$ cat input18.cif   # mmCIF, C-alpha atoms
data_structure
loop_
_atom_site.label_atom_id
_atom_site.label_comp_id
_atom_site.auth_asym_id
_atom_site.auth_seq_id
_atom_site.Cartn_x
_atom_site.Cartn_y
_atom_site.Cartn_z
CA MET S 290 16.28 76.61 79.26
CA SER S 291 14.75 79.78 77.81
CA GLU S 292 11.01 80.08 77.34
CA PRO S 293 11.38 80.15 73.51
CA GLY S 294 13.46 76.98 73.74
CA LYS S 295 10.82 75.29 75.89
CA GLU S 296 8.11 76.23 73.41
CA GLU S 297 10.10 74.88 70.46
CA PHE S 298 10.64 71.63 72.33
CA ARG S 299 6.93 71.33 73.11
CA LYS S 300 6.26 71.66 69.39
CA LEU S 301 8.86 68.97 68.65
CA VAL S 302 7.16 66.61 71.12
CA GLU S 303 3.76 67.36 69.60
CA ARG S 304 5.09 66.56 66.11
CA TYR S 305 6.50 63.28 67.36
CA LEU S 306 3.28 62.29 69.10
CA ASP S 307 0.98 63.22 66.22
CA GLY S 308 3.18 61.59 63.59
CA THR S 309 4.36 64.71 61.74
CA ALA S 310 7.99 64.70 62.93
CA THR S 311 10.59 64.18 60.23
CA PHE S 312 12.46 60.89 59.87
CA GLU S 313 15.60 62.58 61.23
CA GLU S 314 13.74 63.91 64.28
CA ARG S 315 12.15 60.54 65.04
CA ARG S 316 15.24 58.38 64.65
CA ALA S 317 17.53 60.74 66.54
CA LEU S 318 15.08 61.00 69.42
CA GLU S 319 14.57 57.23 69.55
CA SER S 320 18.29 56.50 69.38
CA TYR S 321 18.87 58.93 72.22
CA TYR S 322 16.24 57.26 74.39
CA THR S 323 17.93 53.88 74.03
CA LEU S 324 21.15 55.37 75.39
CA PHE S 325 20.07 57.70 78.19
CA ASP S 326 20.29 56.02 81.59
CA SER S 327 19.15 58.67 84.07
CA ALA S 328 17.00 61.79 84.09
CA PRO S 329 16.37 64.91 86.15
CA ASP S 330 12.98 66.47 86.76
CA ALA S 331 11.25 68.30 83.91
CA SER S 332 8.22 69.70 85.67
CA GLY S 333 6.96 72.93 84.20
CA ILE S 334 7.97 72.14 80.63
CA LEU S 335 5.71 69.24 79.66
CA THR S 336 2.49 68.26 81.36
CA GLU S 337 2.18 64.99 83.27
CA ASP S 338 0.04 63.58 80.46
CA GLN S 339 2.59 64.59 77.84
CA LEU S 340 5.41 62.93 79.77
CA GLU S 341 3.42 59.72 80.13
CA GLU S 342 2.36 59.67 76.48
CA LEU S 343 5.84 60.47 75.18
CA GLY S 344 7.36 57.74 77.33
CA ASP S 345 4.81 55.14 76.24
CA ARG S 346 5.07 56.14 72.59
CA MET S 347 8.86 56.03 72.71
CA LYS S 348 8.80 52.52 74.14
CA GLU S 349 6.42 51.39 71.41
CA LYS S 350 8.44 52.95 68.59
CA ILE S 351 11.81 51.70 69.77
CA SER S 352 10.48 48.23 70.46
CA ARG S 353 8.93 48.01 67.00
CA ARG S 354 12.11 49.24 65.31
CA LEU S 355 14.58 47.09 67.20
CA ARG S 356 12.65 43.88 68.01
CA PRO S 357 12.59 42.19 70.36
CA ALA S 358 10.88 44.65 72.69
CA ALA S 359 11.28 43.02 76.09
CA GLN S 360 14.54 44.36 77.47
CA PRO S 361 14.91 45.36 81.14
CA PHE S 362 16.32 48.72 80.04
CA PHE S 363 12.92 49.72 78.65
CA ARG S 364 10.69 50.26 81.68
CA ARG S 365 7.71 52.56 81.94
CA THR S 366 9.32 54.59 84.71
CA TYR S 367 12.51 54.76 82.69
CA PHE S 368 10.81 56.12 79.60
CA ARG S 369 8.91 58.70 81.57
CA ALA S 370 12.17 59.79 83.17
CA ALA S 371 13.90 59.83 79.80
CA ALA S 372 11.12 62.02 78.46
CA ALA S 373 11.89 64.43 81.29
CA ALA S 374 15.60 64.31 80.51
CA ALA S 375 15.00 65.03 76.84
CA VAL S 376 13.19 68.22 77.81
CA LEU S 377 16.29 69.54 79.53
CA LEU S 378 18.31 68.82 76.39
CA ALA S 379 15.94 70.67 74.06
CA GLY S 380 18.72 72.96 72.95
CA ILE S 381 20.56 69.95 71.55
CA TRP S 382 17.45 68.73 69.75
CA LEU S 383 16.80 72.12 68.23
CA THR S 384 20.34 72.27 66.93
CA LEU S 385 19.88 68.84 65.41
CA THR S 386 16.51 69.75 63.92
CA TYR S 387 17.33 73.08 62.36
CA ALA S 388 21.01 72.81 61.45
CA PRO S 389 22.86 70.01 59.59
CA ARG S 390 25.41 68.45 61.95
CA HIS S 391 27.26 66.10 59.68
CA LYS S 392 27.84 64.79 56.22
CA LYS S 393 28.21 61.16 55.27
CA ILE S 394 29.51 59.08 52.40
CA ALA S 395 28.81 55.41 53.08
CA ASP S 396 30.42 52.35 51.53
CA PRO S 397 28.93 48.84 51.72
CA ILE S 398 31.34 45.94 52.05
CA ALA S 399 32.60 44.24 48.92
CA ALA S 400 31.08 40.86 48.02
CA THR S 401 34.04 38.85 49.28
CA SER S 402 34.90 36.55 52.18
CA ILE S 403 34.89 38.19 55.62
CA SER S 404 37.65 36.75 57.79
CA ASP S 405 36.96 35.82 61.39
CA ARG S 406 38.14 38.15 64.16
CA PRO S 407 37.67 38.08 67.96
CA VAL S 408 35.36 41.15 68.03
CA ASN S 409 31.74 41.67 67.00
CA ARG S 410 31.45 43.56 63.73
CA PHE S 411 28.68 45.44 61.95
CA LEU S 412 28.57 44.78 58.20
CA THR S 413 26.50 46.32 55.42
CA LEU S 414 26.03 44.03 52.41
CA PRO S 415 25.77 45.33 48.82
CA ASP S 416 21.95 45.01 48.86
CA GLY S 417 21.62 47.14 52.00
CA SER S 418 21.09 44.21 54.37
CA THR S 419 22.99 44.46 57.64
CA VAL S 420 24.81 41.74 59.57
CA ILE S 421 26.21 41.82 63.09
CA LEU S 422 28.87 39.13 63.01
CA HIS S 423 29.77 37.54 66.34
CA GLY S 424 33.43 37.52 67.29
CA ASP S 425 35.36 34.52 65.93
CA SER S 426 32.73 33.94 63.24
CA ARG S 427 33.09 33.93 59.48
CA LEU S 428 30.79 35.16 56.72
CA GLU S 429 31.40 34.43 53.05
CA VAL S 430 29.47 36.47 50.50
CA ASP S 431 28.87 34.80 47.13
CA GLU S 432 30.61 36.50 44.22
CA ASN S 433 27.28 36.72 42.36
CA PHE S 434 25.47 38.12 45.39
CA ASN S 435 22.39 40.24 44.59
CA GLN S 436 21.93 38.99 41.04
CA SER S 437 19.29 36.25 40.90
CA GLU S 438 19.90 35.31 44.55
CA ARG S 439 21.64 36.72 47.62
CA ILE S 440 23.77 33.88 48.97
CA VAL S 441 26.05 33.93 52.02
CA ARG S 442 27.71 31.19 54.07
CA LEU S 443 28.06 31.47 57.83
CA THR S 444 30.34 29.74 60.31
CA GLY S 445 29.71 30.82 63.88
CA GLU S 446 26.91 33.23 64.82
CA ALA S 447 25.35 36.32 63.27
CA TYR S 448 22.27 38.52 63.41
CA PHE S 449 20.80 39.38 60.01
CA ASP S 450 18.44 42.24 59.14
CA VAL S 451 17.62 41.52 55.51
CA ALA S 452 16.56 44.19 53.01
CA HIS S 453 13.19 43.28 51.52
CA ASN S 454 13.36 42.09 47.91
CA PRO S 455 10.83 39.39 46.96
CA ASP S 456 12.48 38.90 43.56
CA THR S 457 15.92 38.08 45.00
CA PRO S 458 15.79 35.55 47.87
CA PHE S 459 18.35 35.88 50.64
CA ILE S 460 19.87 32.47 51.43
CA ILE S 461 22.22 31.55 54.29
CA TYR S 462 24.06 28.24 54.22
CA THR S 463 25.27 26.88 57.57
CA GLY S 464 26.61 23.36 57.10
CA LYS S 465 23.66 21.14 56.19
CA ILE S 466 21.11 23.88 56.83
CA LYS S 467 19.72 26.35 54.30
CA THR S 468 17.75 29.35 55.58
CA THR S 469 15.75 31.37 53.04
CA VAL S 470 14.18 34.79 53.63
CA LEU S 471 12.71 37.65 51.62
CA GLY S 472 13.03 40.39 54.23
CA THR S 473 13.27 39.85 57.97
CA ALA S 474 15.53 39.82 61.04
CA PHE S 475 16.85 36.70 62.74
CA ASN S 476 19.80 35.08 64.49
CA ILE S 477 21.72 31.96 63.41
CA ALA S 478 24.18 30.07 65.60
CA ALA S 479 26.23 27.38 63.84
CA TRP S 480 29.50 27.01 65.71
CA PRO S 481 32.25 24.58 64.66
CA GLY S 482 32.39 21.58 66.97
CA GLN S 483 28.77 21.93 68.08
CA GLN S 484 26.13 19.57 66.71
CA ASP S 485 23.18 21.96 67.04
CA ILE S 486 22.37 24.71 64.56
CA ILE S 487 19.91 27.20 66.05
CA VAL S 488 17.78 29.70 64.11
CA SER S 489 15.78 32.34 66.03
CA VAL S 490 13.48 34.91 64.40
CA THR S 491 12.88 38.42 65.77
CA LYS S 492 10.67 39.73 62.96
CA GLY S 493 9.32 38.54 59.61
CA LYS S 494 9.38 34.91 58.45
CA VAL S 495 12.10 32.45 57.43
CA ARG S 496 12.12 28.97 55.94
CA VAL S 497 14.70 26.50 57.25
CA GLU S 498 15.64 23.39 55.23
CA ASP S 499 18.17 20.59 55.26
CA GLU S 500 19.23 18.56 52.22
CA ASN S 501 15.95 16.65 52.03
CA ARG S 502 13.08 18.63 53.53
CA VAL S 503 11.68 21.82 54.97
CA ILE S 504 12.48 21.72 58.69
CA ALA S 505 10.45 24.71 59.84
CA VAL S 506 8.84 27.97 58.83
CA LEU S 507 9.54 30.43 61.63
CA THR S 508 7.74 33.61 62.65
CA PRO S 509 8.75 36.14 65.37
CA ASP S 510 9.74 34.71 68.76
CA LYS S 511 10.10 31.19 67.34
CA GLN S 512 13.25 29.07 67.32
CA VAL S 513 14.27 25.81 65.68
CA THR S 514 17.21 23.61 66.67
CA TYR S 515 18.64 21.11 64.18
CA ASN S 516 21.07 18.39 65.26
CA THR S 517 23.57 17.78 62.47
CA GLU S 518 24.38 14.26 63.68
CA SER S 519 20.91 12.80 64.27
CA SER S 520 18.86 15.22 62.11
CA ALA S 521 16.58 15.67 65.13
CA ILE S 522 14.47 18.83 65.09
CA GLY S 523 13.20 20.90 67.99
CA GLU S 524 10.93 23.90 67.50
CA LYS S 525 9.72 26.12 70.33
CA PRO S 526 8.62 29.65 71.26
CA VAL S 527 11.37 31.79 72.75
CA GLU S 528 11.99 35.25 74.08
CA ALA S 529 13.93 36.56 71.10
CA ALA S 530 15.78 38.95 73.41
CA GLU S 531 17.58 35.99 74.93
CA ALA S 532 18.75 34.70 71.55
CA ILE S 533 20.33 38.02 70.61
CA ALA S 534 21.54 39.16 74.05
CA TRP S 535 25.10 38.91 72.74
CA LEU S 536 24.45 41.91 70.47
CA GLN S 537 24.37 44.25 73.45
CA GLN S 538 27.26 42.81 75.43
CA ASP S 539 29.88 44.93 73.72
CA MET S 540 27.67 48.03 73.35
CA THR S 541 27.30 48.76 77.06
CA PHE S 542 29.77 51.19 78.61
CA ASP S 543 30.19 52.66 82.07
CA ASP S 544 32.14 55.87 82.58
CA MET S 545 34.17 55.17 79.45
CA THR S 546 36.25 57.90 77.83
CA LEU S 547 35.21 58.96 74.36
CA ASP S 548 38.66 57.89 73.20
CA GLU S 549 38.10 54.34 74.49
CA LEU S 550 34.63 54.24 72.99
CA ALA S 551 35.97 55.43 69.63
CA GLY S 552 38.48 52.58 69.63
CA HIS S 553 35.73 50.09 70.32
CA LEU S 554 33.49 51.50 67.57
CA ALA S 555 36.40 51.51 65.13
CA ARG S 556 36.86 47.78 65.62
CA ARG S 557 33.15 47.00 65.51
CA TYR S 558 32.38 48.97 62.35
CA GLU S 559 35.83 48.58 60.76
CA VAL S 560 36.44 52.31 60.41
CA ASN S 561 39.09 54.82 61.41
CA ILE S 562 37.96 57.41 63.97
CA ALA S 563 39.89 60.64 64.53
CA PHE S 564 39.29 63.72 66.71
CA GLU S 565 39.73 67.25 65.41
CA ASN S 566 40.01 68.43 69.03
CA PRO S 567 42.14 66.04 71.15
CA GLU S 568 40.46 67.34 74.33
CA LEU S 569 37.25 65.53 73.32
CA ARG S 570 39.01 62.21 73.92
CA LYS S 571 38.83 62.85 77.69
CA CYS S 572 35.03 63.21 77.84
CA ARG S 573 33.27 60.31 79.57
CA VAL S 574 30.11 58.50 78.53
CA THR S 575 27.83 56.04 80.31
CA GLY S 576 25.03 54.26 78.51
CA ARG S 577 23.90 51.35 76.42
CA PHE S 578 22.98 50.76 72.79
CA SER S 579 20.78 47.91 71.62
CA GLY S 580 23.56 46.52 69.42
CA THR S 581 21.57 46.76 66.19
CA GLU S 582 22.38 50.39 65.39
CA THR S 583 24.24 51.43 62.28
CA LEU S 584 27.41 53.50 62.59
CA GLU S 585 25.38 56.50 61.46
CA GLU S 586 22.85 56.04 64.26
CA VAL S 587 25.54 55.61 66.90
CA MET S 588 27.44 58.70 65.76
CA ARG S 589 24.24 60.75 65.59
CA THR S 590 23.34 59.83 69.16
CA LEU S 591 26.83 60.56 70.46
CA SER S 592 26.87 63.90 68.67
CA ILE S 593 23.65 64.85 70.45
CA LEU S 594 25.04 63.84 73.84
CA MET S 595 28.45 65.44 73.38
CA LYS S 596 27.40 68.48 71.32
CA THR S 597 29.81 67.49 68.58
CA GLN S 598 29.67 67.15 64.83
CA TYR S 599 30.95 64.27 62.74
CA THR S 600 31.84 63.41 59.17
CA ILE S 601 31.76 59.88 57.75
CA THR S 602 33.71 59.51 54.51
CA GLY S 603 34.04 55.91 53.44
CA LYS S 604 35.96 54.21 56.25
CA ASP S 605 37.05 57.44 57.94
CA VAL S 606 35.13 59.19 60.72
CA LEU S 607 36.09 62.63 62.01
CA ILE S 608 34.62 63.93 65.28
CA GLU S 609 34.63 67.71 65.54
CA GLY S 610 33.67 70.29 68.16
CA GLU S 611 34.80 72.04 71.31
CA ARG S 612 35.30 70.07 74.50
CA ASN S 613 31.90 70.38 76.17
CA CYS S 614 31.49 67.25 78.25
CA ILE S 615 27.99 66.78 79.67
#
$ encode --input "input18.cif" --output "structure tokens"
Amino acid sequence: MSEPGKEEFRKLVERYLDGTATFEERRALESYYTLFDSAPDASGILTEDQLEELGDRMKEKISRRLRPAAQPFFRRTYFRAAAAAAVLLAGIWLTLTYAPRHKKIADPIAATSISDRPVNRFLTLPDGSTVILHGDSRLEVDENFNQSERIVRLTGEAYFDVAHNPDTPFIIYTGKIKTTVLGTAFNIAAWPGQQDIIVSVTKGKVRVEDENRVIAVLTPDKQVTYNTESSAIGEKPVEAAEAIAWLQQDMTFDDMTLDELAGHLARRYEVNIAFENPELRKCRVTGRFSGTETLEEVMRTLSILMKTQYTITGKDVLIEGERNCI
């Protein structure tokens, strides 16, 4: 890396650490850190103190954004190493920072019934809330969604990250259970043929009710189990990471071609992904996402890694660039 490039990267790190980095700089850097799985030495570019502080700060920021924080992937030594790796990719960051790399036109899903399929899917509701729907689950969105209330009905399992709107409660019906939130993130498991309905909260607060009473008011790292046959209730503290471990199962890839990864992302986000340069399909990627990322965040991170550009237009994604596999 050239000396001017090193100096620009130092400035980028300083902006991140002192809180003056732009939203785009922060989110792209944080998304990259969740994916990178190894790192070379970066001595001579950042000081030891800067590497330590950047690693610690990155862990804090990512943990706060994603909740829950405690995942084995996020270790102190890992973050310090990832800080070192980011230094060696400063040229990529500078391109991201100073030149637009994509354009996007996003479409939320229509307020209709979502049919069950055997793959996990990422959905954006009309109010901006996001849902990761477990494979073989079903979500029905009320036709009057986002008027006086935001009502959905779930069969199976899903992770909700609800857009804050205190004037329009978000309500999920799962059999006999009604879960009401204003703005939070949580997991609900209500599978056909199973007596227990389980609600686990990763951030915010939710109220869980049956037909006759309030069952529980849950805060982060709390879980309630409701038995639909006996009406028995069990509330306990949990490691929220365990409740939503399924989110990451299909977002971990080892030496996967970009073509294979594109097919997986197309199914998950229900989009069409095409390559301007067919040679890019052969590039290989190893890494792991948290499972809560939007399509935009995933594509941004991949574009940084692969030195590509992308365009999202409705349900169509075009990946552009020369073959430059890293």
$ atom_distance --input "input18.cif" --atom1 "CA of Ser426 in chain S" --atom2 "CA of Thr469 in chain S"
20.0 Å
$ closest_residue --input "input18.cif" --among "S:Ala521, S:Leu554, S:Val503, S:Leu428" --to "Tyr462 in chain S" --atoms "only C-alpha atoms"
S:Leu428
$ atom_distance --input "input18.cif" --atom1 "CA of Glu609 in chain S" --atom2 "CA of Ala551 in chain S"
13.0 Å
$ resolve_selection --input "input18.cif" --expression "the PyMOL selection byres ((chain S and resi 531-544) around 7)" --output "PyMOL selection string"
chain S and resi 476+489+528-530+545-546+573-580
$ closest_residue --input "input18.cif" --among "S:Glu549, S:Glu438, S:Glu446, S:Asp431" --to "Val470 in chain S" --atoms "all atoms listed in the file"
S:Glu438
